[in-house]
>>> print(open('entry-v5.cif').read())   # mmCIF, C-alpha atoms
data_protein
loop_
_atom_site.label_atom_id
_atom_site.label_comp_id
_atom_site.auth_asym_id
_atom_site.auth_seq_id
_atom_site.Cartn_x
_atom_site.Cartn_y
_atom_site.Cartn_z
CA MET A 116 113.48 82.27 101.92
CA ASN A 117 112.16 82.72 98.39
CA LEU A 118 108.95 81.18 97.06
CA ASN A 119 108.15 80.31 93.46
CA PHE A 120 104.45 80.71 92.78
CA GLN A 121 102.17 79.87 89.86
CA ASN A 122 98.68 79.63 91.36
CA VAL A 123 97.48 82.81 93.09
CA LEU A 124 94.24 84.06 94.64
CA VAL A 125 93.70 87.82 94.49
CA THR A 126 90.77 89.21 96.45
CA GLY A 127 89.41 92.56 95.33
CA ALA A 128 90.50 91.67 91.79
CA ALA A 129 88.19 94.24 90.19
CA GLY A 130 89.46 96.94 92.53
CA PHE A 131 92.21 99.44 91.83
CA ILE A 132 95.22 97.60 93.27
CA GLY A 133 93.76 94.12 92.75
CA TYR A 134 93.26 94.74 89.04
CA HIS A 135 96.82 95.96 88.52
CA LEU A 136 98.32 93.06 90.48
CA SER A 137 96.17 90.48 88.67
CA LEU A 138 97.17 91.93 85.30
CA ARG A 139 100.86 91.78 86.23
CA LEU A 140 100.57 88.14 87.31
CA LEU A 141 98.51 87.09 84.27
CA LYS A 142 101.01 88.66 81.86
CA MET A 143 103.70 86.57 83.59
CA GLY A 144 101.71 83.40 82.99
CA CYS A 145 100.48 82.80 86.53
CA ARG A 146 97.07 81.23 87.08
CA VAL A 147 94.96 83.79 88.91
CA ALA A 148 91.64 83.30 90.64
CA GLY A 149 89.97 86.62 91.36
CA ILE A 150 87.32 87.41 93.95
CA ASP A 151 85.30 90.61 94.12
CA ASN A 152 81.81 91.39 95.39
CA MET A 153 81.44 94.26 92.88
CA ASN A 154 79.76 96.41 95.53
CA PRO A 155 78.47 99.89 94.58
CA TYR A 156 80.71 101.84 96.98
CA TYR A 157 81.92 103.50 93.77
CA ASP A 158 81.13 103.17 90.05
CA VAL A 159 80.56 99.48 89.29
CA GLY A 160 81.07 100.27 85.60
CA LEU A 161 84.71 101.14 86.31
CA LYS A 162 85.16 97.87 88.19
CA GLN A 163 83.59 95.98 85.28
CA SER A 164 85.92 97.69 82.80
CA ARG A 165 88.92 96.53 84.82
CA LEU A 166 87.47 93.04 85.11
CA ASP A 167 86.79 92.81 81.37
CA GLN A 168 90.52 93.16 80.69
CA LEU A 169 91.38 90.37 83.12
CA LEU A 170 88.75 88.06 81.61
CA GLU A 171 90.60 88.19 78.29
CA PHE A 172 93.15 85.79 79.81
CA ASP A 173 92.16 82.12 79.72
CA HIS A 174 94.17 81.46 82.89
CA PHE A 175 92.02 83.91 84.89
CA SER A 176 88.87 82.78 86.69
CA PHE A 177 86.49 85.15 88.43
CA HIS A 178 84.16 84.62 91.37
CA GLN A 179 81.67 87.35 92.35
CA ILE A 180 81.44 86.67 96.04
CA ASP A 181 81.68 88.51 99.34
CA LEU A 182 84.46 87.59 101.75
CA SER A 183 81.86 87.33 104.51
CA ASP A 184 80.23 84.39 102.65
CA ARG A 185 82.01 81.57 104.46
CA SER A 186 80.70 78.63 102.47
CA GLY A 187 81.24 80.48 99.19
CA MET A 188 84.85 81.23 100.14
CA GLU A 189 85.46 77.60 101.08
CA SER A 190 84.16 76.46 97.68
CA VAL A 191 86.54 78.79 95.83
CA PHE A 192 89.50 77.37 97.72
CA LYS A 193 88.41 73.79 97.09
CA LYS A 194 87.97 74.46 93.39
CA HIS A 195 91.39 76.01 92.83
CA GLN A 196 93.59 74.54 95.56
CA PRO A 197 96.33 74.58 96.31
CA PHE A 198 97.04 78.30 96.09
CA ASP A 199 100.72 79.14 96.43
CA VAL A 200 99.96 82.69 97.54
CA VAL A 201 96.77 84.45 98.62
CA VAL A 202 96.83 88.25 98.34
CA ASN A 203 94.00 89.99 100.17
CA LEU A 204 93.29 93.34 98.54
CA ALA A 205 89.53 93.24 99.18
CA ALA A 206 88.25 95.55 101.88
CA GLN A 207 85.68 98.19 102.54
CA ALA A 208 87.93 101.15 101.85
CA GLY A 209 87.73 104.83 102.74
CA VAL A 210 88.25 106.66 106.03
CA ARG A 211 85.33 109.08 105.68
CA TYR A 212 82.80 106.43 104.63
CA SER A 213 83.55 104.56 107.87
CA LEU A 214 82.09 107.46 109.86
CA THR A 215 78.61 106.78 108.50
CA ASN A 216 78.71 103.10 107.50
CA PRO A 217 80.66 101.28 110.23
CA HIS A 218 78.98 97.89 109.77
CA ALA A 219 80.28 97.61 106.20
CA TYR A 220 83.82 97.65 107.60
CA VAL A 221 83.11 94.98 110.20
CA ASP A 222 81.48 92.66 107.64
CA SER A 223 84.25 92.92 105.05
CA ASN A 224 87.38 93.79 106.99
CA ILE A 225 86.81 91.66 110.09
CA VAL A 226 84.39 88.82 109.29
CA GLY A 227 85.72 88.44 105.74
CA PHE A 228 89.31 88.50 106.96
CA VAL A 229 88.68 85.67 109.43
CA ASN A 230 87.12 83.61 106.65
CA LEU A 231 90.24 84.12 104.54
CA LEU A 232 92.55 83.15 107.38
CA GLU A 233 90.54 79.98 107.99
CA CYS A 234 90.59 79.07 104.30
CA CYS A 235 94.35 79.58 104.17
CA ARG A 236 94.80 77.51 107.30
CA TYR A 237 92.86 74.52 106.02
CA ASN A 238 94.16 74.62 102.46
CA GLN A 239 97.92 74.76 103.09
CA VAL A 240 98.47 78.19 101.54
CA LYS A 241 102.21 78.86 101.56
CA HIS A 242 102.06 82.66 101.94
CA PHE A 243 99.21 84.96 102.99
CA VAL A 244 99.86 88.57 101.96
CA PHE A 245 97.35 91.21 102.99
CA ALA A 246 96.80 94.92 102.52
CA SER A 247 97.02 97.00 105.64
CA SER A 248 97.12 100.79 105.49
CA SER A 249 99.14 103.84 106.47
CA SER A 250 96.02 104.88 108.39
CA VAL A 251 97.01 102.48 111.22
CA TYR A 252 99.56 105.07 112.35
CA GLY A 253 96.61 107.17 113.54
CA ALA A 254 97.63 109.64 116.22
CA ASN A 255 101.36 108.94 115.76
CA THR A 256 103.37 112.06 114.92
CA LEU A 257 106.98 110.78 114.88
CA MET A 258 108.03 110.88 111.22
CA PRO A 259 108.75 108.96 109.11
CA PHE A 260 106.29 106.27 110.17
CA SER A 261 108.13 103.03 110.90
CA VAL A 262 106.74 99.49 111.14
CA HIS A 263 108.74 99.26 114.36
CA HIS A 264 106.64 102.01 115.99
CA ASN A 265 103.68 101.19 118.22
CA VAL A 266 100.35 101.80 116.42
CA ASP A 267 97.71 101.48 119.13
CA HIS A 268 95.88 104.76 118.60
CA PRO A 269 93.82 104.66 115.37
CA VAL A 270 91.59 107.65 114.61
CA SER A 271 89.05 105.97 112.30
CA LEU A 272 87.17 102.68 112.32
CA TYR A 273 88.75 101.87 108.94
CA ALA A 274 92.20 102.17 110.54
CA ALA A 275 91.08 100.09 113.52
CA THR A 276 89.94 97.26 111.23
CA LYS A 277 93.29 97.30 109.42
CA LYS A 278 95.17 97.17 112.73
CA ALA A 279 92.87 94.30 113.73
CA ASN A 280 93.83 92.46 110.53
CA GLU A 281 97.49 92.68 111.50
CA LEU A 282 96.74 91.27 114.95
CA MET A 283 94.56 88.48 113.58
CA ALA A 284 97.20 87.45 111.03
CA HIS A 285 99.85 87.38 113.74
CA THR A 286 97.65 85.11 115.84
CA TYR A 287 97.32 82.62 112.97
CA SER A 288 101.04 82.79 112.37
CA HIS A 289 101.59 81.97 116.05
CA LEU A 290 98.96 79.21 116.30
CA TYR A 291 99.40 77.51 112.93
CA ASN A 292 102.86 78.63 111.73
CA MET A 293 101.23 80.45 108.80
CA HIS A 294 103.54 82.70 106.77
CA CYS A 295 101.79 86.08 106.90
CA THR A 296 102.94 89.46 105.58
CA GLY A 297 101.05 92.71 106.01
CA LEU A 298 101.63 95.68 103.70
CA ARG A 299 100.86 99.23 104.78
CA PHE A 300 100.11 101.18 101.62
CA PHE A 301 100.56 104.95 101.51
CA THR A 302 98.05 106.99 99.42
CA VAL A 303 98.03 104.95 96.22
CA TYR A 304 97.22 106.76 92.96
CA GLY A 305 97.46 106.22 89.22
CA PRO A 306 95.50 105.03 86.15
CA TRP A 307 92.31 103.07 86.92
CA GLY A 308 92.28 104.64 90.39
CA ARG A 309 89.36 104.96 92.77
CA PRO A 310 86.83 107.74 92.13
CA ASP A 311 86.63 108.55 95.86
CA MET A 312 90.34 109.42 96.06
CA ALA A 313 91.63 112.99 95.90
CA LEU A 314 93.32 112.82 92.49
CA PHE A 315 90.23 111.42 90.77
CA LEU A 316 87.90 113.87 92.56
CA PHE A 317 90.08 116.88 91.78
CA VAL A 318 90.66 116.08 88.10
CA ARG A 319 86.96 115.42 87.50
CA ALA A 320 85.85 118.58 89.30
CA ILE A 321 88.39 120.85 87.61
CA LEU A 322 87.54 119.53 84.13
CA GLU A 323 83.82 120.02 84.86
CA ASP A 324 84.41 123.52 86.31
CA ASN A 325 83.18 122.47 89.73
CA PRO A 326 84.80 123.53 93.01
CA ILE A 327 87.14 121.16 94.85
CA GLN A 328 87.13 120.64 98.61
CA VAL A 329 90.54 121.33 100.14
CA PHE A 330 90.65 119.95 103.66
CA ASN A 331 92.85 121.39 106.40
CA HIS A 332 93.23 124.41 104.10
CA GLY A 333 95.71 122.51 101.92
CA LYS A 334 98.18 121.98 104.77
CA MET A 335 97.93 118.18 104.85
CA LYS A 336 100.86 116.11 103.64
CA ARG A 337 100.58 112.73 101.95
CA ASP A 338 103.17 110.18 100.84
CA PHE A 339 101.59 109.71 97.39
CA THR A 340 102.68 106.35 95.94
CA TYR A 341 102.27 105.47 92.27
CA ILE A 342 100.41 102.25 91.49
CA ASP A 343 103.29 100.63 89.55
CA ASP A 344 105.54 101.05 92.60
CA ILE A 345 102.91 99.49 94.85
CA ILE A 346 102.55 96.50 92.52
CA GLU A 347 106.31 95.98 92.28
CA GLY A 348 106.54 96.00 96.06
CA VAL A 349 103.65 93.55 96.46
CA PHE A 350 105.09 91.25 93.79
CA ARG A 351 108.49 91.09 95.45
CA ILE A 352 106.98 90.45 98.87
CA MET A 353 104.79 87.63 97.48
CA GLY A 354 107.90 85.64 96.65
CA LYS A 355 109.62 86.30 99.97
CA LEU A 356 108.42 84.10 102.82
CA PRO A 357 108.65 85.93 106.17
CA GLN A 358 111.00 84.38 108.68
CA PRO A 359 111.00 84.55 112.48
CA ASN A 360 113.20 87.30 113.90
CA PRO A 361 115.77 85.50 116.11
CA SER A 362 116.41 88.68 118.11
CA TRP A 363 112.73 89.32 118.89
CA THR A 364 112.03 89.46 122.60
CA GLY A 365 108.88 89.83 124.65
CA ASP A 366 110.72 92.20 126.98
CA ARG A 367 110.85 94.78 124.19
CA PRO A 368 108.46 93.50 121.50
CA ASP A 369 109.12 94.78 117.98
CA PRO A 370 105.74 95.48 116.28
CA GLY A 371 107.12 94.99 112.76
CA THR A 372 108.57 91.50 113.21
CA SER A 373 107.95 88.46 115.41
CA TYR A 374 109.24 85.18 116.82
CA VAL A 375 106.92 83.54 114.23
CA PRO A 376 106.93 83.84 110.38
CA TYR A 377 105.19 87.22 110.30
CA ARG A 378 106.27 90.59 108.92
CA ILE A 379 104.90 94.08 108.30
CA TYR A 380 106.22 96.43 105.59
CA ASN A 381 105.48 99.99 104.55
CA ILE A 382 105.16 100.60 100.81
CA GLY A 383 105.31 104.33 100.24
CA ASN A 384 107.15 106.89 98.15
CA ASN A 385 109.19 108.10 101.15
CA ASN A 386 108.51 111.70 100.04
CA PRO A 387 105.51 113.51 101.60
CA VAL A 388 103.96 116.28 99.51
CA GLU A 389 101.69 119.06 100.74
CA LEU A 390 98.12 118.95 99.40
CA SER A 391 98.43 122.47 97.99
CA THR A 392 101.48 121.40 95.94
CA PHE A 393 99.59 118.29 94.79
CA ILE A 394 96.79 120.52 93.49
CA GLU A 395 99.25 122.84 91.74
CA ILE A 396 100.71 119.89 89.79
CA ILE A 397 97.21 118.84 88.72
CA GLU A 398 96.37 122.39 87.61
CA LYS A 399 99.59 122.59 85.59
CA ASN A 400 98.85 119.29 83.83
CA LEU A 401 95.25 120.25 83.06
CA GLY A 402 96.07 123.82 82.11
CA LYS A 403 93.22 124.98 84.35
CA THR A 404 93.00 126.61 87.78
CA ALA A 405 90.84 124.92 90.39
CA ASN A 406 88.02 126.71 92.17
CA LYS A 407 88.94 125.83 95.75
CA THR A 408 86.71 125.57 98.81
CA TYR A 409 88.92 125.52 101.90
CA LEU A 410 87.70 123.40 104.82
CA ASP A 411 88.92 122.24 108.23
CA LEU A 412 90.43 118.81 108.83
CA GLN A 413 87.75 116.12 108.74
CA PRO A 414 87.21 113.68 111.62
CA GLY A 415 89.24 110.52 111.02
CA ASP A 416 91.84 112.21 108.82
CA VAL A 417 95.47 112.63 109.81
CA VAL A 418 97.58 115.70 109.04
CA SER A 419 100.60 113.92 107.54
CA THR A 420 101.82 110.54 106.31
CA TYR A 421 105.44 109.66 105.58
CA ALA A 422 106.72 106.11 105.08
CA ASP A 423 109.96 104.71 106.44
CA ILE A 424 110.76 102.05 103.81
CA ASP A 425 114.17 100.92 105.07
CA ASP A 426 112.91 97.37 105.72
CA LEU A 427 111.33 97.10 102.26
CA ILE A 428 114.58 98.19 100.60
CA ALA A 429 116.73 95.91 102.77
CA ASP A 430 114.58 92.81 102.23
CA THR A 431 113.54 93.25 98.57
CA GLY A 432 116.07 95.64 97.05
CA PHE A 433 113.20 97.82 95.83
CA LYS A 434 112.47 101.48 96.46
CA PRO A 435 109.37 103.26 95.08
CA GLU A 436 110.51 106.37 93.24
CA THR A 437 108.02 107.41 90.53
CA PRO A 438 107.91 111.24 90.69
CA LEU A 439 104.51 112.71 91.49
CA GLU A 440 104.59 114.87 88.37
CA ILE A 441 104.95 111.80 86.13
CA GLY A 442 102.33 109.80 88.03
CA ILE A 443 99.74 112.58 87.82
CA GLU A 444 100.47 113.08 84.11
CA ARG A 445 99.86 109.37 83.47
CA PHE A 446 96.62 109.40 85.46
CA ILE A 447 95.25 112.39 83.57
CA ALA A 448 96.16 110.78 80.23
CA TRP A 449 94.28 107.63 81.30
CA TYR A 450 91.32 109.65 82.60
CA ARG A 451 90.91 111.57 79.36
CA GLU A 452 91.12 108.40 77.26
CA TYR A 453 88.81 106.31 79.44
CA TYR A 454 86.06 108.91 79.71
CA SER A 455 86.25 109.74 76.01
CA LYS A 456 85.11 106.16 75.37
CA THR A 457 82.47 105.72 78.07
#
>>> encode(input="entry-v5.cif", output="structure tokens")
Amino acid sequence: MNLNFQNVLVTGAAGFIGYHLSLRLLKMGCRVAGIDNMNPYYDVGLKQSRLDQLLEFDHFSFHQIDLSDRSGMESVFKKHQPFDVVVNLAAQAGVRYSLTNPHAYVDSNIVGFVNLLECCRYNQVKHFVFASSSSVYGANTLMPFSVHHNVDHPVSLYAATKKANELMAHTYSHLYNMHCTGLRFFTVYGPWGRPDMALFLFVRAILEDNPIQVFNHGKMKRDFTYIDDIIEGVFRIMGKLPQPNPSWTGDRPDPGTSYVPYRIYNIGNNNPVELSTFIEIIEKNLGKTANKTYLDLQPGDVVSTYADIDDLIADTGFKPETPLEIGIERFIAWYREYYSKT
């Protein structure tokens, strides 16, 4: 069942994915309310630069608020209701940061998520779309990762909170017939990306003649997915209300679907690339060789990610396919331009 939408809430609107989605929606003429707490997990100046572009649209409104602020969240919903779609892209991100700052993940990814679910419940939101993560696959090794695989063995608190989000959303779908769709993103990269991600870290270090840290001695594989492909996937899912799976059975429960209007999708490039190859492409684009420090696999990291996107293709007709070489080239062009001005 398709949904036409004009009034959208995007949480994490000043973040990497939230900014790109908001910009896409605003250019289409949608009214967008954005929420972001502008926390200093990474450069607030970069978040502000993204936000400044969104504020140029008169049909964009911004609220600096934390998802854990229940009364503040309720007031945003009352001011702008009814939202056709709510897209939750706000979260405390990062696997490694969760090893030293676990409470930040509980506050944002658990408490904040419940507040969002409650607001959607009481304000007749037609479709709740939320970011999950490829990290939920945790200790799974059967490739490619499928939404129909069991994912009960996370290896980081970040992954555990994302798995918890999926369970919480399913509960609300069951109790209140809420249409909920979770999206497992696979290693998103591109212009305006996060400074804590590998591409940003590597490009900055190489240009500044600093060494880069290469974990697992470059033998990790990631399903790097370009931001434009992520946004296209999110956009198509926003307009597609999840439907109950008539063949779902509790005897053999399918984790990716349900007897209620709830679905999970992978959005990935369906093409894992070894970290050493990733670095070689960066070096070629920069015309410089990296000074590499080889390290063991960090706690919380997984060796490989690889998305099965058959369901995404079948239900939306879309397949991410931006080549890594093109995506990295575009990021470096953005990086050089942005930091020449700041």
>>> closest_atom_pairs(input="entry-v5.cif", of="stretch 206-270 of chain A", to="stretch 357-374 of chain A", cutoff="9 Å", atoms="only C-alpha atoms", output="Markdown table")
| residue | atom | partner | partner_atom | distance |
| --- | --- | --- | --- | --- |
| A:His242 | CA | A:Pro357 | CA | 8.5 |
| A:Ser261 | CA | A:Gly371 | CA | 8.3 |
| A:Val262 | CA | A:Gly371 | CA | 4.8 |
| A:His263 | CA | A:Gly371 | CA | 4.8 |
| A:His264 | CA | A:Pro370 | CA | 6.6 |
| A:Asn265 | CA | A:Pro370 | CA | 6.4 |
| A:Val266 | CA | A:Pro370 | CA | 8.3 |
>>> atom_distance(input="entry-v5.cif", atom1="atom CA of A:Asp411", atom2="atom CA of A:Phe330")
5.4 Å
>>> closest_residue(input="entry-v5.cif", among="A:Pro414, A:Pro326, A:Gly305, A:Gly127", to="A:Ala448", atoms="all atoms listed in the file")
A:Gly305
>>> residues_around(input="entry-v5.cif", residues="A:Lys434", least_positions_apart="6", cutoff="12 Å", atoms="only C-alpha atoms", output="list of chain:residue names")
A:Thr340, A:Tyr341, A:Asp343, A:Asp344, A:Ile345, A:Ile346, A:Glu347, A:Gly348, A:Val349, A:Arg351, A:Asn381, A:Ile382, A:Gly383, A:Asn384, A:Asn385, A:Asn386, A:Ala422, A:Asp423, A:Ile424, A:Asp425, A:Asp426, A:Leu427, A:Ile428
>>> closest_residue(input="entry-v5.cif", among="A:Leu161, A:Ile379, A:Leu118, A:Val202", to="A:Gly149", atoms="all atoms listed in the file")
A:Val202
>>> resolve_selection(input="entry-v5.cif", expression="the PyMOL selection byres ((chain A and resi 405) around 9)", output="ChimeraX atom specification")
/A:317,320-322,324-327,394-395,397-398,403-404,406-407
>>> atom_distance(input="entry-v5.cif", atom1="atom CA of A:Ser164", atom2="atom CA of A:Thr276")
28.7 Å
>>> residues_around(input="entry-v5.cif", residues="A:Ser186", least_positions_apart="3", cutoff="12 Å", atoms="all atoms listed in the file", output="ChimeraX atom specification")
/A:180-183,189-193,227,230-231,233-234
>>> write_last_selection(input="entry-v5.cif", atoms="C-alpha atoms", output="PDB file, in the frame of the given file")
ATOM      1  CA  ILE A 180      81.440  86.670  96.040  1.00  0.00           C
ATOM      2  CA  ASP A 181      81.680  88.510  99.340  1.00  0.00           C
ATOM      3  CA  LEU A 182      84.460  87.590 101.750  1.00  0.00           C
ATOM      4  CA  SER A 183      81.860  87.330 104.510  1.00  0.00           C
ATOM      5  CA  GLU A 189      85.460  77.600 101.080  1.00  0.00           C
ATOM      6  CA  SER A 190      84.160  76.460  97.680  1.00  0.00           C
ATOM      7  CA  VAL A 191      86.540  78.790  95.830  1.00  0.00           C
ATOM      8  CA  PHE A 192      89.500  77.370  97.720  1.00  0.00           C
ATOM      9  CA  LYS A 193      88.410  73.790  97.090  1.00  0.00           C
ATOM     10  CA  GLY A 227      85.720  88.440 105.740  1.00  0.00           C
ATOM     11  CA  ASN A 230      87.120  83.610 106.650  1.00  0.00           C
ATOM     12  CA  LEU A 231      90.240  84.120 104.540  1.00  0.00           C
ATOM     13  CA  GLU A 233      90.540  79.980 107.990  1.00  0.00           C
ATOM     14  CA  CYS A 234      90.590  79.070 104.300  1.00  0.00           C
TER      15      CYS A 234
END
